[in-house]
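Q: Below is a structure I'd like to ask you about.
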Amino acid sequence: MTISIPLISEILTMEEIKERYPQQWTLIAHTERDEYLNVIRGEVLAYSPERDDIYDYLPNRNGKAVAIEYTGPIPEMFGYLSPFL
């Protein structure tokens with residue numbers, strides 16, 4: 001398992017999260033979302049280059065509402081499928 005836990009608990013914007021944790025899967029306790037449920041800001045609980053590590057860490061969220069976000073370019077294997085096809 002290659003999961004990391006931030007040393008400092010702080011609320012960051014999604015842009016700050018992307019800058020601080022580039023190309024990482026992040027588990028975010030969100031404090032603000034937009035009308036489309038995208039994370040605007042929140043606290044990074046854990047991060048890893050491996051998606052499965054973040055899913056394995058989910059039981060440690062202590063009941064917080066969370067989102068999992070990838071902070072790099074979306075890999076082709078996770079391509080977007082349009083609902084209009």
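All residue names refer to the structure tokens as shown: chains lettered A, B, ... in order, residues numbered from 1 in each chain, ligands numbered from 1 in order.
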Would you list the contacts of Glu43 of chain A as a PDB file with C-alpha atoms, in the first residue's frame, taking every protein, DNA or RNA residue within 8 Å and counting only C-alpha atoms, but skipping same-chain residues closer than 3 positions in sequence?

A:
```pdb
ATOM      1  CA  SER A   9      -5.222  19.195   8.413  1.00  0.00           C
ATOM      2  CA  GLU A  10      -6.388  22.155   6.336  1.00  0.00           C
ATOM      3  CA  ILE A  11      -9.167  23.163   3.984  1.00  0.00           C
ATOM      4  CA  LEU A  12      -7.914  23.668   0.429  1.00  0.00           C
ATOM      5  CA  ILE A  28     -11.297  14.579   0.150  1.00  0.00           C
ATOM      6  CA  ALA A  29     -13.669  15.406   3.015  1.00  0.00           C
ATOM      7  CA  HIS A  30     -15.512  18.087   1.080  1.00  0.00           C
ATOM      8  CA  THR A  31     -16.738  21.235   2.783  1.00  0.00           C
TER       9      THR A  31
END
```

Q: Running DSSP on the backbone, which parts of chain A land in strand (DSSP E or B), as a tab-separated table (two decimals) with N, CA, C and O atoms, in the first residue's frame?

A:
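Result file out-v9.tsv:
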```
chain	number	residue	atom	x	y	z
A	4	SER	N	-0.59	7.91	1.55
A	4	SER	CA	0.04	8.94	2.38
A	4	SER	C	-1.06	9.77	3.03
A	4	SER	O	-2.12	9.97	2.45
A	11	ILE	N	-8.20	23.08	5.07
A	11	ILE	CA	-9.17	23.16	3.98
A	11	ILE	C	-8.48	23.84	2.80
A	11	ILE	O	-7.92	24.92	2.93
A	12	LEU	N	-8.54	23.17	1.65
A	12	LEU	CA	-7.91	23.67	0.43
A	12	LEU	C	-8.95	23.75	-0.68
A	12	LEU	O	-9.92	22.98	-0.68
A	13	THR	N	-8.73	24.64	-1.64
A	13	THR	CA	-9.57	24.65	-2.83
A	13	THR	C	-9.15	23.48	-3.71
A	13	THR	O	-8.05	22.94	-3.56
A	25	TRP	N	-4.38	10.14	-6.62
A	25	TRP	CA	-5.76	9.88	-6.24
A	25	TRP	C	-5.92	10.45	-4.84
A	25	TRP	O	-5.09	10.20	-3.97
A	26	THR	N	-6.94	11.26	-4.62
A	26	THR	CA	-7.11	11.92	-3.33
A	26	THR	C	-8.47	11.58	-2.74
A	26	THR	O	-9.47	11.48	-3.45
A	27	LEU	N	-8.48	11.41	-1.43
A	27	LEU	CA	-9.72	11.23	-0.67
A	27	LEU	C	-9.96	12.54	0.04
A	27	LEU	O	-9.16	12.95	0.89
A	28	ILE	N	-11.04	13.22	-0.32
A	28	ILE	CA	-11.30	14.58	0.15
A	28	ILE	C	-12.58	14.61	0.97
A	28	ILE	O	-13.64	14.21	0.49
A	29	ALA	N	-12.48	15.11	2.21
A	29	ALA	CA	-13.67	15.41	3.01
A	29	ALA	C	-14.12	16.79	2.56
A	29	ALA	O	-13.55	17.80	2.95
A	30	HIS	N	-15.14	16.81	1.70
A	30	HIS	CA	-15.51	18.09	1.08
A	30	HIS	C	-16.32	18.95	2.04
A	30	HIS	O	-17.14	18.48	2.81
A	31	THR	N	-16.01	20.25	1.98
A	31	THR	CA	-16.74	21.24	2.78
A	31	THR	C	-17.60	22.13	1.91
A	31	THR	O	-18.47	22.83	2.42
A	32	GLU	N	-17.35	22.09	0.60
A	32	GLU	CA	-18.15	22.88	-0.35
A	32	GLU	C	-18.14	22.19	-1.70
A	32	GLU	O	-17.10	21.75	-2.18
A	33	ARG	N	-19.35	22.10	-2.30
A	33	ARG	CA	-19.50	21.54	-3.64
A	33	ARG	C	-20.36	22.48	-4.46
A	33	ARG	O	-21.13	23.26	-3.92
A	39	VAL	N	-16.34	19.00	-6.20
A	39	VAL	CA	-15.70	19.55	-5.01
A	39	VAL	C	-15.12	20.92	-5.33
A	39	VAL	O	-14.38	21.08	-6.31
A	40	ILE	N	-15.46	21.90	-4.51
A	40	ILE	CA	-14.87	23.24	-4.61
A	40	ILE	C	-13.73	23.36	-3.61
A	40	ILE	O	-12.68	23.86	-3.92
A	41	ARG	N	-13.97	22.88	-2.38
A	41	ARG	CA	-12.92	22.89	-1.37
A	41	ARG	C	-13.17	21.78	-0.36
A	41	ARG	O	-14.29	21.31	-0.21
A	42	GLY	N	-12.08	21.38	0.30
A	42	GLY	CA	-12.20	20.34	1.30
A	42	GLY	C	-10.84	19.99	1.89
A	42	GLY	O	-9.82	20.59	1.55
A	43	GLU	N	-10.85	19.00	2.77
A	43	GLU	CA	-9.64	18.54	3.45
A	43	GLU	C	-9.19	17.21	2.85
A	43	GLU	O	-9.98	16.27	2.76
A	44	VAL	N	-7.95	17.14	2.43
A	44	VAL	CA	-7.40	15.89	1.90
A	44	VAL	C	-7.12	14.96	3.08
A	44	VAL	O	-6.33	15.29	3.97
A	45	LEU	N	-7.81	13.82	3.11
A	45	LEU	CA	-7.61	12.84	4.17
A	45	LEU	C	-6.49	11.87	3.85
A	45	LEU	O	-5.81	11.37	4.75
A	46	ALA	N	-6.32	11.57	2.55
A	46	ALA	CA	-5.28	10.63	2.11
A	46	ALA	C	-5.05	10.83	0.62
A	46	ALA	O	-5.92	11.32	-0.09
A	47	TYR	N	-3.86	10.42	0.17
A	47	TYR	CA	-3.54	10.48	-1.26
A	47	TYR	C	-2.58	9.37	-1.61
A	47	TYR	O	-1.85	8.86	-0.78
A	48	SER	N	-2.65	8.97	-2.89
A	48	SER	CA	-1.83	7.86	-3.37
A	48	SER	C	-1.79	7.89	-4.89
A	48	SER	O	-2.76	8.32	-5.52
A	66	VAL	N	-17.24	12.26	1.76
A	66	VAL	CA	-15.99	12.33	1.01
A	66	VAL	C	-16.22	12.20	-0.48
A	66	VAL	O	-17.27	11.75	-0.94
A	67	ALA	N	-15.19	12.60	-1.22
A	67	ALA	CA	-15.14	12.41	-2.67
A	67	ALA	C	-13.75	11.88	-2.99
A	67	ALA	O	-12.79	12.16	-2.28
A	68	ILE	N	-13.66	11.12	-4.05
A	68	ILE	CA	-12.38	10.65	-4.55
A	68	ILE	C	-12.13	11.36	-5.87
A	68	ILE	O	-12.96	11.31	-6.77
A	69	GLU	N	-11.00	12.05	-5.94
A	69	GLU	CA	-10.66	12.82	-7.13
A	69	GLU	C	-9.25	12.47	-7.58
A	69	GLU	O	-8.35	12.30	-6.75
A	70	TYR	N	-9.05	12.40	-8.89
A	70	TYR	CA	-7.71	12.24	-9.46
A	70	TYR	C	-7.23	13.62	-9.87
A	70	TYR	O	-7.97	14.36	-10.53
```

Q: Find the spatial neighbours of Asp53 of chain A, counting only C-alpha atoms, within a cut-off of 8 Å - ignore same-chain residues fewer than 3 positions away - and output them as number ranges by chain.

A: A: 1-3, 48, 50, 56-57

Q: Between atom CA of Met14 of chain A and atom CA of Thr71 of chain A, what is the distance, to one decimal in Å?

A: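 Separation of atom CA of Met14 of chain A and atom CA of Thr71 of chain A: 8.9 Å.
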
Q: Using only C-alpha atoms, can you tell me which of A:Ile17, A:Ile5, A:Leu37, A:Ile74 comes closest to Arg61 of chain A?

A: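 For Arg61 of chain A, the nearest of the candidates is A:Ile5.
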
Q: Counting only C-alpha atoms, which residue out of A:Gln24, A:Asn38, A:Lys64, A:Gly72 sits closest to Asp52 of chain A?

A: A:Gln24

Q: Can you measure atom CA of Arg20 of chain A to atom CA of Pro73 of chain A for me? One decimal in Å is fine.

A: 14.9 Å

Q: What is the atom CA of Tyr36 of chain A-atom CA of Lys18 of chain A distance in Å, reported with one decimal?

A: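 Those two atoms sit 19.0 Å apart.
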
Q: List every residue of chain A that DSSP, applied to the backbone of this structure, places in helix (DSSP H, G or I), and write the result as a VMD selection string.

A: chain A and resid 14 to 20 51 to 61 76 to 78
